[in-house]
Amino acid sequence: MSELPAAGSRRPEASLSVAVGARVGVASWWRTPTARRYLFGYSLLTPAVLYVGLLVGMPFLFSLYLALSDATVGEPIARFVGIENFISALENATFYTALRNTLVFTLGAGILKGLLGTSLAFLLVQPFKGRRVVRALIVIPFTLPIAVSVLGWKWMFDSQFSVVNWALSNLGLIGGYGSADWPVWLGQPGLALFSVMFVNVWRGFPFSAIVLLAGMTSVAPEILEAAKVDGASFMQRFRKIIVPMIAPILFVGSAFDTVFTLSDLSIVYLLTNGGPDGATEILPTLAYNTGIRAGALGRGAAISLFLFPLLLPAIIILLRTLRRRQY
Amino acid sequence: MSDPRETQAVPQDPGRRSFLKVAGAGVAGSSLLTMLSARQAPAQVKGTSLRMLKWSHFVPAYDAWFDDFAKKWGEKTGVKVRVDHIPHLELPARYAAEFAAGAGHDLIYFVGQILTGQYYKNLLDLSDLANGLGQKYGGWMENAKSAAQVAGTWYAVPDFFISIPVLWRKDLFDSIGRPAPKTWDDLRAAARLLKPKGHPTGMQFSHCNDANHNWRALMYCFGVKETDPSGQNIALDSKEMREALRFGKALYDEGMTPEVFSWDDASDNRFLASGVGSWIHDAISAFLTTKDTNPKVFEHTYVLDEAAGPGGLKLNVGEPNVWAIWKFSKNAAAAKDFIMAISESQKEAMTASRGYNMPFLRDQYRKPMPMLGNDSKLAALQEQDKITAFFGNPGPMSPAAQEVLTTFIIPDMFTKVARGTDIEETMKWGVGEIRRIYTKHKAA
């Protein structure tokens, strides 16, 4: 790059040549392979950045704006109220029930999905006749429209016509309809929470299994064979070889599952709507009933944003662990 | 958006000409009466299109009739009509989305969850229409105003309400020597005797619409007031509410089974139709469907307009349905004309709904009412206008009352007490939650 002449000694021809030289320099830089590489890279990245910015960033910022305002469904121009809506949520006794249920629901369902998904993945990785068909069938719960499958479960948990209860009753495990030991799946507080969690697990564990299966098939059979020859037990092979090798897939799968479960509104909304007496109330149902059905958008947004501090550390920890393992 | 009828004057026939003359003079009420008597839409809606959003009615035959009515109205007026039906619980989310987008259906509908108070600043003033209909049909039920007015202005036009009476089995009551029930005490006594015989009763202790209606009906019959008539001050903390809670627990202990904690809006219908239930508190759809599903039960099921409380007070809690028009509606003129047309066809609508759609207009209670008047069991509902109240009673269905409804505080209070929580502790919790909600709305 040319140096600028000292002040006072500037000649018109010299400055012109500097400017032209700089322009030529910049123009020629754009033709370099480095510039082209940058341009290509950023142009590939742009759609993803726009997608995340428009469909994730903007709604998030908008919900933050709502949570800090007294917005209602019918009042587009809202007043800034600071953290008043968050304080209001903390003053609401139902909020604590919803928070506790959300944690129990997410952790319980996550653990069950992990266990069942792992077992299923081990079964499906074995060679057997009709394996492809079974693999296709197993994902049906995950692919069915959620409203349809949940309504099916609603019938199966019906207090009077539950097919589960009739089967148990005919097997002699419980009494008949109307007897004291006839389970009311969606009516007894502990059972109701278990039931909504069960449906979430039923729907989600095939996804866990498929994710694990994809990881397992990427583990070279020779490594496992070598470990077997060296005398490693099944659990040792699983813990010391399979899990470390499929850890990146496992982490991403867990992150997805945690996010989906924490923000799952449909199952609880369709099965119990948070009842009875808040036994199955979770933060998404409370936020929906407050923000949309009651119209208090600001308070609804604040309740839903309480999920954010729960999710953010979990995702950060997962991603950092993942990065550390990669390098 | 302004009403095209105010700017486009296209006189076509003597009736409309007279209407436009009066409108020009600024006498909106009289002009609408003229239109009402002409039973004809103005010509300027011809060639336009009208999109309306409704719920999927509990009586499918009514939706079929309604869609056909809308189609024929469209053919007659030259308006291209599209009717969208969605489940009623999804309506609030749809309205929030339409309002945020500033676009959507020209004609909308609130059912159960009355959002007039939330959206009134963005809804058209329909006072001319509502007052015209009121004048023509002997006035509106006093409670209709609660669903459709804000500060004396009609931002919605009431369509109908769903009545929720007592449906009881005469054969079972006869078997224990009990006469026809008249009071809540009669119902409790019958349930106490019939439960051991395998015929309990049931009312929802869960998070569903029926739970909100049924326990409010009991409360109101016991003299409980949710707020004062202005809707500004909570009046729930009363001895009447404590009595209602005590009665609710006794009714559960003596006459129900734990399944009521899991019930949804349709569970009690199935309970009655199965032949197990001795009585339920539900809309007449539960009664009508047994005609097809269990004729024997239907034969022995009778209808009580409402059970009276300890002081003889009888207040049924209805589910209101109202029409409204967004300010951003692209065809407010056609929307208003459609509301008029459907309001004029109340008798046909009531017949199509098998007596389910109860009118809000006084003159439409002239006996015999369609479907009710010629049915000895349903005839009791012909004076439902005199005993019907809505949530928030005696206050209006304000946004605060709406939030109390959608967060199921009242059913949860009854559930807590039924499960053994102390009444005072429950009152402290429930009144505290309601006070918090009302304080928030007052501050806003």
# chains A, B, ... in the order shown; residues from 1 in each chain; ligands from 1
>>> residues_around(residues="B:Phe66", least_positions_apart="6", cutoff="10 Å", atoms="only C-alpha atoms", output="mmCIF file with C-alpha atoms, in the first residue's frame")
data_model
loop_
_atom_site.group_PDB
_atom_site.id
_atom_site.type_symbol
_atom_site.label_atom_id
_atom_site.label_comp_id
_atom_site.auth_asym_id
_atom_site.auth_seq_id
_atom_site.Cartn_x
_atom_site.Cartn_y
_atom_site.Cartn_z
ATOM 1 C CA HIS B 57 -70.994 -26.792 17.216
ATOM 2 C CA PRO B 60 -73.163 -31.351 14.033
ATOM 3 C CA LYS B 72 -78.259 -19.505 0.589
ATOM 4 C CA VAL B 83 -67.446 -20.286 6.776
ATOM 5 C CA ILE B 342 -79.141 -15.069 11.244
ATOM 6 C CA GLU B 348 -84.911 -22.212 12.380
ATOM 7 C CA ALA B 349 -81.545 -22.136 14.160
ATOM 8 C CA ALA B 352 -81.614 -27.148 13.664
ATOM 9 C CA SER B 353 -79.739 -27.264 16.972
#
>>> select_by_dssp(residues="stretch 41-241 of chain B", states="strand (DSSP E or B)", output="JSON, numbers by chain")
{"B": [49, 50, 51, 52, 53, 54, 55, 80, 81, 82, 83, 84, 85, 86, 107, 108, 109, 110, 111, 123, 140, 149, 150, 153, 154, 157, 158, 159, 160, 161, 162, 166, 167, 168, 169, 183, 202, 227, 234]}
>>> interface_residues(of="chain A", to="chain B", cutoff="8 Å", atoms="only C-alpha atoms", output="short mmCIF file (atom, residue, chain, number, x, y, z; two decimals) with N, CA and C atoms, in the first residue's frame")
data_model
loop_
_atom_site.label_atom_id
_atom_site.label_comp_id
_atom_site.auth_asym_id
_atom_site.auth_seq_id
_atom_site.Cartn_x
_atom_site.Cartn_y
_atom_site.Cartn_z
N ASP A 70 -46.99 -4.42 29.66
CA ASP A 70 -48.33 -4.82 30.11
C ASP A 70 -49.20 -5.17 28.92
N THR A 72 -51.57 -6.83 26.26
CA THR A 72 -52.67 -7.80 26.28
C THR A 72 -53.00 -8.14 24.83
N VAL A 73 -53.83 -9.14 24.64
CA VAL A 73 -54.13 -9.54 23.26
C VAL A 73 -54.80 -8.41 22.48
N GLY A 74 -55.51 -7.54 23.17
CA GLY A 74 -56.23 -6.49 22.47
C GLY A 74 -55.56 -5.13 22.53
N GLU A 75 -54.37 -5.04 23.12
CA GLU A 75 -53.68 -3.75 23.27
C GLU A 75 -52.32 -3.83 22.63
N PRO A 76 -52.22 -3.44 21.37
CA PRO A 76 -50.92 -3.58 20.71
C PRO A 76 -49.85 -2.64 21.27
N ASN A 92 -47.56 -16.01 42.18
CA ASN A 92 -48.65 -16.93 41.85
C ASN A 92 -48.32 -18.33 42.38
N ALA A 93 -49.15 -18.83 43.29
CA ALA A 93 -48.87 -20.14 43.90
C ALA A 93 -48.85 -21.24 42.84
N ASP A 158 -59.41 -43.26 29.79
CA ASP A 158 -60.75 -42.82 30.21
C ASP A 158 -61.12 -43.46 31.55
N SER A 159 -61.81 -42.69 32.37
CA SER A 159 -62.12 -43.18 33.72
C SER A 159 -63.11 -44.33 33.71
N GLN A 160 -63.94 -44.39 32.69
CA GLN A 160 -64.97 -45.43 32.67
C GLN A 160 -64.68 -46.53 31.64
N GLY A 178 -65.59 -48.88 39.28
CA GLY A 178 -66.28 -48.38 40.47
C GLY A 178 -65.67 -48.87 41.77
N VAL A 184 -57.77 -44.18 38.31
CA VAL A 184 -58.29 -43.05 37.52
C VAL A 184 -57.05 -42.33 37.01
N TRP A 185 -56.60 -42.75 35.82
CA TRP A 185 -55.29 -42.33 35.31
C TRP A 185 -55.10 -40.83 35.26
N LEU A 186 -56.11 -40.13 34.83
CA LEU A 186 -55.94 -38.69 34.66
C LEU A 186 -56.55 -37.90 35.82
N GLY A 187 -56.97 -38.62 36.87
CA GLY A 187 -57.65 -37.93 37.97
C GLY A 187 -56.89 -37.95 39.28
N GLN A 188 -56.06 -38.96 39.49
CA GLN A 188 -55.28 -39.02 40.74
C GLN A 188 -53.97 -38.27 40.51
N THR A 272 -55.17 -33.24 30.08
CA THR A 272 -55.70 -32.78 31.38
C THR A 272 -55.84 -31.27 31.49
N ASN A 273 -55.25 -30.54 30.58
CA ASN A 273 -55.23 -29.07 30.65
C ASN A 273 -54.68 -28.60 32.00
N GLY A 274 -53.79 -29.35 32.57
CA GLY A 274 -53.16 -28.93 33.82
C GLY A 274 -53.86 -29.41 35.07
N GLY A 275 -55.05 -30.01 34.92
CA GLY A 275 -55.82 -30.43 36.10
C GLY A 275 -55.44 -31.83 36.53
N PRO A 276 -56.06 -32.38 37.54
CA PRO A 276 -56.97 -31.70 38.45
C PRO A 276 -56.20 -30.91 39.52
N ASP A 277 -56.69 -29.75 39.84
CA ASP A 277 -56.10 -28.88 40.85
C ASP A 277 -54.60 -28.68 40.63
N GLY A 278 -54.20 -28.48 39.39
CA GLY A 278 -52.80 -28.18 39.08
C GLY A 278 -51.87 -29.38 39.13
N LEU A 286 -49.60 -23.20 31.71
CA LEU A 286 -49.91 -22.00 32.51
C LEU A 286 -49.70 -20.74 31.65
N ASN A 289 -52.60 -20.56 29.02
CA ASN A 289 -53.90 -20.18 29.59
C ASN A 289 -53.90 -18.73 30.07
N THR A 290 -52.75 -18.27 30.55
CA THR A 290 -52.67 -16.88 31.03
C THR A 290 -52.51 -15.92 29.85
N ILE A 292 -52.72 -16.43 26.31
CA ILE A 292 -53.59 -16.45 25.13
C ILE A 292 -55.06 -16.53 25.53
N ARG A 293 -55.42 -17.52 26.35
CA ARG A 293 -56.85 -17.68 26.67
C ARG A 293 -57.35 -16.55 27.54
N ALA A 294 -56.54 -16.12 28.52
CA ALA A 294 -56.98 -15.00 29.36
C ALA A 294 -56.58 -13.66 28.75
N GLY A 295 -55.70 -13.68 27.79
CA GLY A 295 -55.36 -12.45 27.06
C GLY A 295 -54.25 -11.62 27.69
#
>>> atom_distance(atom1="atom CA of A:Thr94", atom2="atom CA of A:Leu265")
16.5 Å
>>> residues_around(residues="A:Ala227", least_positions_apart="3", cutoff="12 Å", atoms="only C-alpha atoms", output="ChimeraX atom specification")
/A:220-224,230-242
>>> closest_residue(among="B:Phe160, B:Tyr109, B:Tyr155, B:Trp140", to="B:Pro359", atoms="only C-alpha atoms")
B:Phe160
